[in-house]
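S.K.: For reference, this is entry30.cif, and it has mmCIF, C-alpha atoms.
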data_start
loop_
_atom_site.label_atom_id
_atom_site.label_comp_id
_atom_site.auth_asym_id
_atom_site.auth_seq_id
_atom_site.Cartn_x
_atom_site.Cartn_y
_atom_site.Cartn_z
CA MET S 1 -89.68 -136.02 24.48
CA VAL S 2 -90.12 -138.32 27.47
CA SER S 3 -89.38 -136.73 30.84
CA SER S 4 -89.11 -137.87 34.41
CA TYR S 5 -90.86 -135.51 36.81
CA ALA S 6 -90.13 -134.89 40.47
CA SER S 7 -92.73 -135.45 43.18
CA PRO S 8 -92.69 -135.20 47.00
CA SER S 9 -90.34 -137.35 49.02
CA ALA S 10 -93.13 -138.17 51.52
CA GLY S 11 -92.23 -140.32 54.50
CA LEU S 12 -90.41 -138.62 57.38
CA PRO S 13 -86.71 -137.73 57.74
CA GLY S 14 -84.59 -139.62 60.22
CA GLN S 15 -84.22 -138.28 63.74
CA MET S 16 -80.48 -137.77 63.16
CA ASP S 17 -80.92 -135.67 60.00
CA LEU S 18 -79.51 -132.16 60.28
CA HIS S 19 -81.95 -129.26 60.32
CA THR S 20 -80.55 -127.47 57.26
CA GLY S 21 -83.65 -127.04 55.11
CA ARG S 22 -84.20 -124.11 52.73
CA ALA S 23 -87.85 -123.31 53.49
CA THR S 24 -88.42 -119.56 53.26
CA PHE S 25 -91.44 -117.26 53.48
CA THR S 26 -90.97 -113.56 52.77
CA GLU S 27 -93.14 -110.57 51.87
CA ALA S 28 -92.56 -111.28 48.15
CA TYR S 29 -92.06 -115.03 47.73
CA ALA S 30 -92.15 -118.40 49.41
CA LEU S 31 -89.87 -121.37 48.80
CA ILE S 32 -91.19 -124.80 49.79
CA PRO S 33 -88.30 -127.22 49.23
CA ARG S 34 -88.92 -130.85 48.40
CA GLY S 35 -87.59 -132.02 51.76
CA VAL S 36 -90.48 -130.49 53.72
CA MET S 37 -93.25 -132.14 51.67
CA ARG S 38 -93.60 -135.05 54.09
CA ASP S 39 -96.41 -137.25 55.39
CA ILE S 40 -97.05 -134.97 58.38
CA VAL S 41 -98.21 -132.05 56.18
CA THR S 42 -100.65 -133.92 53.93
CA SER S 43 -104.40 -133.36 53.95
CA CYS S 44 -107.57 -135.01 52.66
CA LEU S 45 -110.53 -133.71 50.66
CA PRO S 46 -114.28 -134.32 50.93
CA HIS S 47 -115.68 -136.90 48.48
CA TRP S 48 -112.20 -138.26 47.61
CA ARG S 49 -111.31 -141.80 48.64
CA ASP S 50 -107.83 -143.28 49.17
CA THR S 51 -106.37 -139.86 48.42
CA ARG S 52 -104.08 -137.40 50.16
CA LEU S 53 -102.53 -134.14 49.00
CA TRP S 54 -99.96 -131.49 49.69
CA VAL S 55 -101.44 -127.99 49.54
CA ILE S 56 -98.54 -125.91 48.22
CA ALA S 57 -100.43 -122.69 47.42
CA ARG S 58 -103.71 -121.13 48.50
CA PRO S 59 -105.14 -117.59 48.17
CA MET S 60 -103.81 -115.33 50.92
CA SER S 61 -104.78 -111.68 51.27
CA GLY S 62 -101.75 -109.45 50.76
CA PHE S 63 -99.74 -112.24 49.11
CA ALA S 64 -100.72 -114.38 46.10
CA GLU S 65 -104.51 -114.22 45.83
CA THR S 66 -105.68 -115.82 42.59
CA PHE S 67 -105.02 -119.58 42.80
CA SER S 68 -104.51 -122.75 44.77
CA GLN S 69 -102.20 -125.61 43.87
CA TYR S 70 -102.16 -129.17 45.19
CA ILE S 71 -99.97 -132.20 44.64
CA VAL S 72 -102.49 -135.03 44.82
CA GLU S 73 -101.64 -138.68 45.50
CA VAL S 74 -104.31 -141.28 44.69
CA SER S 75 -103.83 -144.93 45.66
CA PRO S 76 -105.02 -147.80 43.44
CA GLY S 77 -108.82 -147.81 43.37
CA GLY S 78 -109.02 -144.29 44.75
CA GLY S 79 -110.48 -141.17 43.20
CA SER S 80 -113.67 -139.13 43.22
CA GLU S 81 -117.00 -138.82 41.45
CA ARG S 82 -117.42 -135.34 43.02
CA PRO S 83 -113.92 -133.87 42.80
CA GLU S 84 -114.70 -130.13 42.66
CA ASP S 85 -117.18 -128.51 45.06
CA ASN S 86 -116.91 -124.96 43.64
CA PRO S 87 -118.94 -124.49 40.43
CA GLY S 88 -117.03 -121.29 39.65
CA ALA S 89 -113.60 -122.93 39.73
CA GLU S 90 -111.58 -123.90 36.68
CA GLY S 91 -108.73 -126.36 36.96
CA VAL S 92 -105.68 -127.91 35.36
CA LEU S 93 -104.43 -131.42 36.11
CA PHE S 94 -100.83 -132.39 35.30
CA VAL S 95 -99.62 -135.94 35.97
CA VAL S 96 -96.08 -136.41 37.32
CA SER S 97 -96.13 -140.18 37.97
CA GLY S 98 -98.43 -143.14 37.42
CA GLN S 99 -101.65 -143.07 35.44
CA MET S 100 -105.28 -142.18 36.04
CA THR S 101 -108.59 -142.30 34.24
CA VAL S 102 -110.37 -138.94 33.96
CA THR S 103 -113.93 -138.73 32.61
CA ILE S 104 -114.86 -135.26 31.32
CA GLU S 105 -118.41 -134.57 30.18
CA GLY S 106 -118.92 -138.29 29.60
CA LYS S 107 -115.71 -138.88 27.65
CA THR S 108 -112.98 -141.00 29.25
CA HIS S 109 -109.26 -140.24 28.99
CA LEU S 110 -106.23 -142.14 30.29
CA LEU S 111 -103.62 -139.67 31.54
CA GLU S 112 -100.07 -140.84 32.20
CA ALA S 113 -96.94 -138.93 33.29
CA GLY S 114 -96.93 -135.67 31.32
CA GLY S 115 -100.70 -135.81 30.79
CA TYR S 116 -102.57 -132.50 31.02
CA ALA S 117 -106.26 -131.69 31.35
CA PHE S 118 -108.03 -128.32 31.40
CA LEU S 119 -111.36 -128.28 33.25
CA PRO S 120 -113.60 -125.22 32.77
CA PRO S 121 -115.94 -124.01 35.52
CA GLY S 122 -119.08 -126.10 35.92
CA CYS S 123 -117.51 -128.99 34.02
CA ALA S 124 -118.72 -132.49 34.94
CA TRP S 125 -115.66 -134.64 35.60
CA SER S 126 -114.49 -137.54 37.71
CA LEU S 127 -111.21 -139.31 38.35
CA VAL S 128 -110.20 -142.83 39.33
CA ASN S 129 -106.92 -144.71 39.60
CA LYS S 130 -107.59 -148.03 37.89
CA SER S 131 -103.93 -149.03 37.90
CA THR S 132 -101.98 -151.01 40.48
CA GLU S 133 -99.59 -148.11 41.23
CA THR S 134 -100.08 -144.80 43.03
CA VAL S 135 -100.66 -141.79 40.77
CA ARG S 136 -99.48 -138.26 41.58
CA PHE S 137 -100.61 -135.11 39.83
CA HIS S 138 -100.75 -131.34 40.23
CA TRP S 139 -104.16 -129.73 40.51
CA VAL S 140 -104.18 -125.97 39.90
CA ARG S 141 -107.47 -124.18 40.65
CA LYS S 142 -108.63 -120.63 39.98
CA ARG S 143 -111.97 -118.87 40.16
CA TYR S 144 -112.81 -118.24 36.51
CA GLU S 145 -113.36 -114.58 35.62
CA ALA S 146 -116.17 -114.57 33.06
CA VAL S 147 -116.41 -111.65 30.62
CA GLU S 148 -119.59 -110.65 28.79
CA GLY S 149 -119.32 -111.56 25.10
CA ILE S 150 -116.36 -113.92 25.64
CA ALA S 151 -117.10 -117.65 25.58
CA THR S 152 -115.93 -119.90 28.38
CA PRO S 153 -113.19 -122.20 27.04
CA ALA S 154 -113.97 -125.87 26.52
CA ALA S 155 -112.34 -128.75 28.34
CA PHE S 156 -109.41 -130.45 26.64
CA VAL S 157 -106.65 -132.97 27.30
CA SER S 158 -103.09 -132.89 26.05
CA SER S 159 -99.60 -134.04 27.05
CA ASP S 160 -96.14 -132.60 27.58
CA ASN S 161 -94.94 -135.33 25.22
CA ASP S 162 -97.19 -134.13 22.39
CA GLN S 163 -96.56 -130.38 22.54
CA PRO S 164 -93.47 -128.64 21.11
CA ILE S 165 -91.22 -126.34 23.07
CA ARG S 166 -91.60 -122.84 21.66
CA TRP S 167 -88.16 -121.32 21.94
CA MET S 168 -87.67 -117.68 22.84
CA PRO S 169 -86.15 -115.67 19.98
CA ASP S 170 -82.36 -115.26 19.84
CA THR S 171 -81.72 -117.93 22.51
CA ASN S 172 -80.37 -120.67 20.19
CA GLU S 173 -83.16 -122.96 21.43
CA ARG S 174 -81.97 -122.81 25.02
CA TRP S 175 -84.96 -121.16 26.76
CA GLY S 176 -88.53 -121.95 25.78
CA THR S 177 -92.08 -122.73 26.87
CA THR S 178 -94.40 -125.67 26.28
CA ARG S 179 -97.77 -123.96 25.88
CA PHE S 180 -101.09 -125.73 26.24
CA VAL S 181 -103.12 -122.58 25.51
CA GLU S 182 -102.36 -119.86 22.97
CA PRO S 183 -101.30 -116.63 24.73
CA ASP S 184 -103.79 -114.49 22.78
CA ASP S 185 -106.80 -116.70 23.50
CA VAL S 186 -108.64 -114.33 25.85
CA ARG S 187 -111.17 -116.99 26.81
CA HIS S 188 -108.47 -118.21 29.18
CA ASP S 189 -107.64 -116.19 32.29
CA MET S 190 -104.81 -118.44 33.47
CA HIS S 191 -101.90 -120.25 31.85
CA VAL S 192 -100.33 -123.41 33.23
CA ASN S 193 -97.29 -124.10 31.05
CA ILE S 194 -93.87 -125.75 31.28
CA VAL S 195 -90.72 -123.66 31.03
CA THR S 196 -87.49 -125.31 29.83
CA LEU S 197 -83.93 -124.01 30.16
CA GLU S 198 -81.13 -126.05 28.69
CA PRO S 199 -77.92 -126.49 30.76
CA GLY S 200 -76.33 -123.13 31.43
CA ALA S 201 -79.20 -121.13 29.90
CA VAL S 202 -80.42 -117.96 31.58
CA ILE S 203 -83.42 -115.72 31.99
CA PRO S 204 -81.24 -112.66 31.39
CA PHE S 205 -83.30 -109.93 33.06
CA GLU S 206 -85.32 -109.48 36.23
CA GLU S 207 -88.89 -110.14 35.17
CA THR S 208 -91.14 -107.85 37.20
CA HIS S 209 -94.84 -108.10 36.36
CA VAL S 210 -98.38 -108.17 37.67
CA MET S 211 -98.90 -111.93 37.22
CA GLU S 212 -98.72 -114.16 40.29
CA HIS S 213 -96.67 -117.33 39.90
CA GLY S 214 -96.49 -120.88 41.13
CA LEU S 215 -93.30 -122.61 39.91
CA TYR S 216 -92.85 -126.32 40.63
CA VAL S 217 -89.45 -127.65 39.57
CA LEU S 218 -90.01 -130.79 37.51
CA GLU S 219 -86.39 -131.51 36.54
CA GLY S 220 -82.85 -130.31 37.18
CA LYS S 221 -81.54 -127.53 39.37
CA ALA S 222 -80.82 -123.81 39.03
CA VAL S 223 -80.05 -120.60 40.84
CA TYR S 224 -83.23 -118.52 40.81
CA ARG S 225 -83.52 -114.81 41.58
CA LEU S 226 -86.46 -114.14 43.91
CA ASN S 227 -86.91 -110.49 44.83
CA ARG S 228 -83.51 -109.53 46.32
CA ASP S 229 -82.21 -113.09 46.81
CA TRP S 230 -80.43 -115.64 44.66
CA VAL S 231 -81.77 -119.05 45.75
CA GLU S 232 -80.58 -122.52 44.72
CA VAL S 233 -83.52 -124.73 43.75
CA GLU S 234 -83.83 -128.34 42.61
CA ALA S 235 -86.35 -130.84 41.27
CA GLY S 236 -89.28 -131.12 43.67
CA ASP S 237 -89.04 -127.56 45.02
CA PHE S 238 -91.94 -125.10 44.77
CA MET S 239 -91.67 -121.32 44.43
CA TRP S 240 -94.66 -119.10 45.12
CA LEU S 241 -94.39 -115.49 43.90
CA ARG S 242 -96.70 -112.57 44.57
CA ALA S 243 -97.33 -109.93 41.91
CA PHE S 244 -94.30 -107.80 40.94
CA CYS S 245 -91.73 -110.04 42.63
CA PRO S 246 -88.56 -109.72 40.48
CA GLN S 247 -87.27 -113.01 39.08
CA ALA S 248 -84.46 -114.32 36.89
CA CYS S 249 -82.61 -117.63 36.50
CA TYR S 250 -79.32 -119.37 35.77
CA ALA S 251 -79.90 -123.03 34.84
CA GLY S 252 -77.61 -125.72 36.22
CA PRO S 253 -75.63 -128.51 34.51
CA GLU S 254 -78.74 -130.45 33.42
CA ARG S 255 -81.97 -129.45 31.70
CA PHE S 256 -84.07 -127.36 34.09
CA ARG S 257 -87.87 -127.45 33.76
CA TYR S 258 -90.74 -126.17 35.85
CA LEU S 259 -94.53 -126.16 35.79
CA LEU S 260 -95.63 -122.50 35.76
CA TYR S 261 -98.94 -120.93 36.76
CA LYS S 262 -99.82 -117.31 36.01
CA ASP S 263 -103.02 -115.26 35.82
CA VAL S 264 -103.53 -113.45 32.50
CA ASN S 265 -105.90 -111.67 30.10
CA ARG S 266 -108.13 -109.79 32.54
CA HIS S 267 -108.50 -106.26 33.87
CA ALA S 268 -106.94 -105.51 37.22
CA LYS S 269 -109.61 -105.52 39.91
CA LEU S 270 -110.50 -102.04 41.15
CA PRO S 271 -111.84 -101.27 44.64
CA PHE S 272 -114.89 -99.39 43.34
#
Kindly transcribe the structure held in the file into structure tokens.
M.R.:
Amino acid sequence: MVSSYASPSAGLPGQMDLHTGRATFTEAYALIPRGVMRDIVTSCLPHWRDTRLWVIARPMSGFAETFSQYIVEVSPGGGSERPEDNPGAEGVLFVVSGQMTVTIEGKTHLLEAGGYAFLPPGCAWSLVNKSTETVRFHWVRKRYEAVEGIATPAAFVSSDNDQPIRWMPDTNERWGTTRFVEPDDVRHDMHVNIVTLEPGAVIPFEETHVMEHGLYVLEGKAVYRLNRDWVEVEAGDFMWLRAFCPQACYAGPERFRYLLYKDVNRHAKLPF
């Protein structure tokens, strides 16, 4: 399955454009629509060259606290030999356009659109864009929660194009998940998967759970339930959900897909 993935519009809107954006920040969720991911809100990182990024999630006390998520844009020749400055951080890279060369523990991989890499904490890795086109990718980061007697998972690379969609039971193959990690593999304390809903498919109940979420819409459009609101979303939008925010979905007239982060497989932190 070959897909085309959304990425930020960049640039700046015209001075005569109407101010009718959908950006929303509430006590339970945030919606960052594609139209606000412009040049003026990009940032840079230490030890990265010819690179800029949109920070679309970061830990915030009282909101979503477990992860950060960037959309990174690397120009030809750009990249980093020192990409991660936190030895306790694990990461996932997911390419939405272009191609990049990632070297992990001395082994080199070419990742194109749909390419996926898991990077455990303390992993030695580097990234360079050797192509003539700009590459864009998501970078999801989380502080790994080590558990005595449980091994840290190894690095691996994969691709959306190589993994099957695992359909939910009794949905006639209309709602499913592309999984890059098995759900019962307790070495992993986060999942970054892709959820697919075929045209008109639904998530037919209000999911309400402890996991935090980042949902970046890769394709299509839908009406998504966020806490008490039904919100129309489209390719390129990002939804950021704190723990226990109710959610449900009605997919639109085309296939609807999103990149999904959630924290899993660990005890809830106690204050004593």
S.K.: S:Met168, S:Ala251, S:Leu111, S:Val55: which is nearest Ala201 of chain S, counting only C-alpha atoms?
M.R.: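 For Ala201 of chain S, the nearest of the candidates is S:Ala251.
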S.K.: Written as an MDAnalysis selection string, what is the full residue list that the PyMOL selection byres ((chain S and resi 43-47) around 12) yields on the file shown?
M.R.: chainID S and resid 37:42 48:56 70:74 78:85 126:127
S.K.: Just how far from atom CA of Leu226 of chain S is atom CA of Thr24 of chain S, in Å to one decimal?
M.R.: 11.0 Å
S.K.: Rounded to one decimal in Å, what is the spacing between atom CA of Leu270 of chain S and atom CA of Glu65 of chain S?
M.R.: 14.4 Å
S.K.: With a distance cut-off of 7 Å and all atoms listed in the file, select the neighbouring residues of Phe238 of chain S, excluding the residue or stretch itself and same-chain residues fewer than 6 positions from it, and output the selection as a list in words.
M.R.: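 Here the answer would be Leu31, Ile32, Pro33, Leu215, Tyr216 and Val217 of chain S.
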S.K.: To one decimal place, how far is atom CA of Tyr224 of chain S from atom CA of Tyr250 of chain S in Å?
M.R.: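 Distance reported for this atom pair: 6.4 Å.
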S.K.: Can you spell out as a list of chain:residue names the set of residues that the PyMOL selection byres ((chain S and resi 117) around 9) selects in the structure I just provided?
M.R.: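 Selection result, ordered by chain and number: S:Gly91, S:Val92, S:Leu93, S:Phe94, S:Val102, S:Leu111, S:Gly115, S:Tyr116, S:Phe118, S:Leu119, S:Ala155, S:Phe156, S:Val157, S:Ser158, S:Ser159.
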S.K.: Compare S:Gly114, S:Gly21, S:Pro153, S:Gly35 by their minimum atom-to-atom distance to Leu218 of chain S, counting only C-alpha atoms, and give me the closest one.
M.R.: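 Closest to Leu218 of chain S, using only C-alpha atoms: S:Gly114.
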S.K.: Any chance you could work out the axis-aligned box around segment 61-73 of chain S, listed atoms only, 8 Å on each side, giving centre and edge lengths in Å to one decimal, as AutoDock Vina command-line options?
M.R.:
--center_x -102.7 --center_y -124.1 --center_z 46.9 --size_x 21.9 --size_y 45.2 --size_z 24.7
S.K.: Once the PyMOL selection byres ((chain S and resi 104) around 6) has been evaluated on this model, what residues remain selected, and can you format them as a PyMOL selection string?
M.R.: chain S and resi 103+105-107+124-125
S.K.: Nearest to Ala151 of chain S among S:Leu259, S:Val186, S:Ala28, S:Val181, with distances taken over all atoms listed in the file: which residue is it?
M.R.: S:Val186
S.K.: Considering all atoms listed in the file, state which residue in the set S:Trp139, S:Ala154, S:Arg225, S:Ala235 is at the smallest distance from Arg34 of chain S.
M.R.: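 Of the candidates, the smallest distance to Arg34 of chain S is held by S:Ala235.
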S.K.: So which one's closest to Val96 of chain S, S:Gly11, S:Gly236, S:Gly220, S:Gly77? Using only C-alpha atoms, please.
M.R.: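 When distances to Val96 of chain S are compared using only C-alpha atoms, the smallest one comes from S:Gly236.
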S.K.: I need the residue nearest Ile150 of chain S from this list: S:Asp189, S:Glu212, S:Glu182, S:Asp229. Use all atoms listed in the file for the distance.
M.R.: S:Asp189
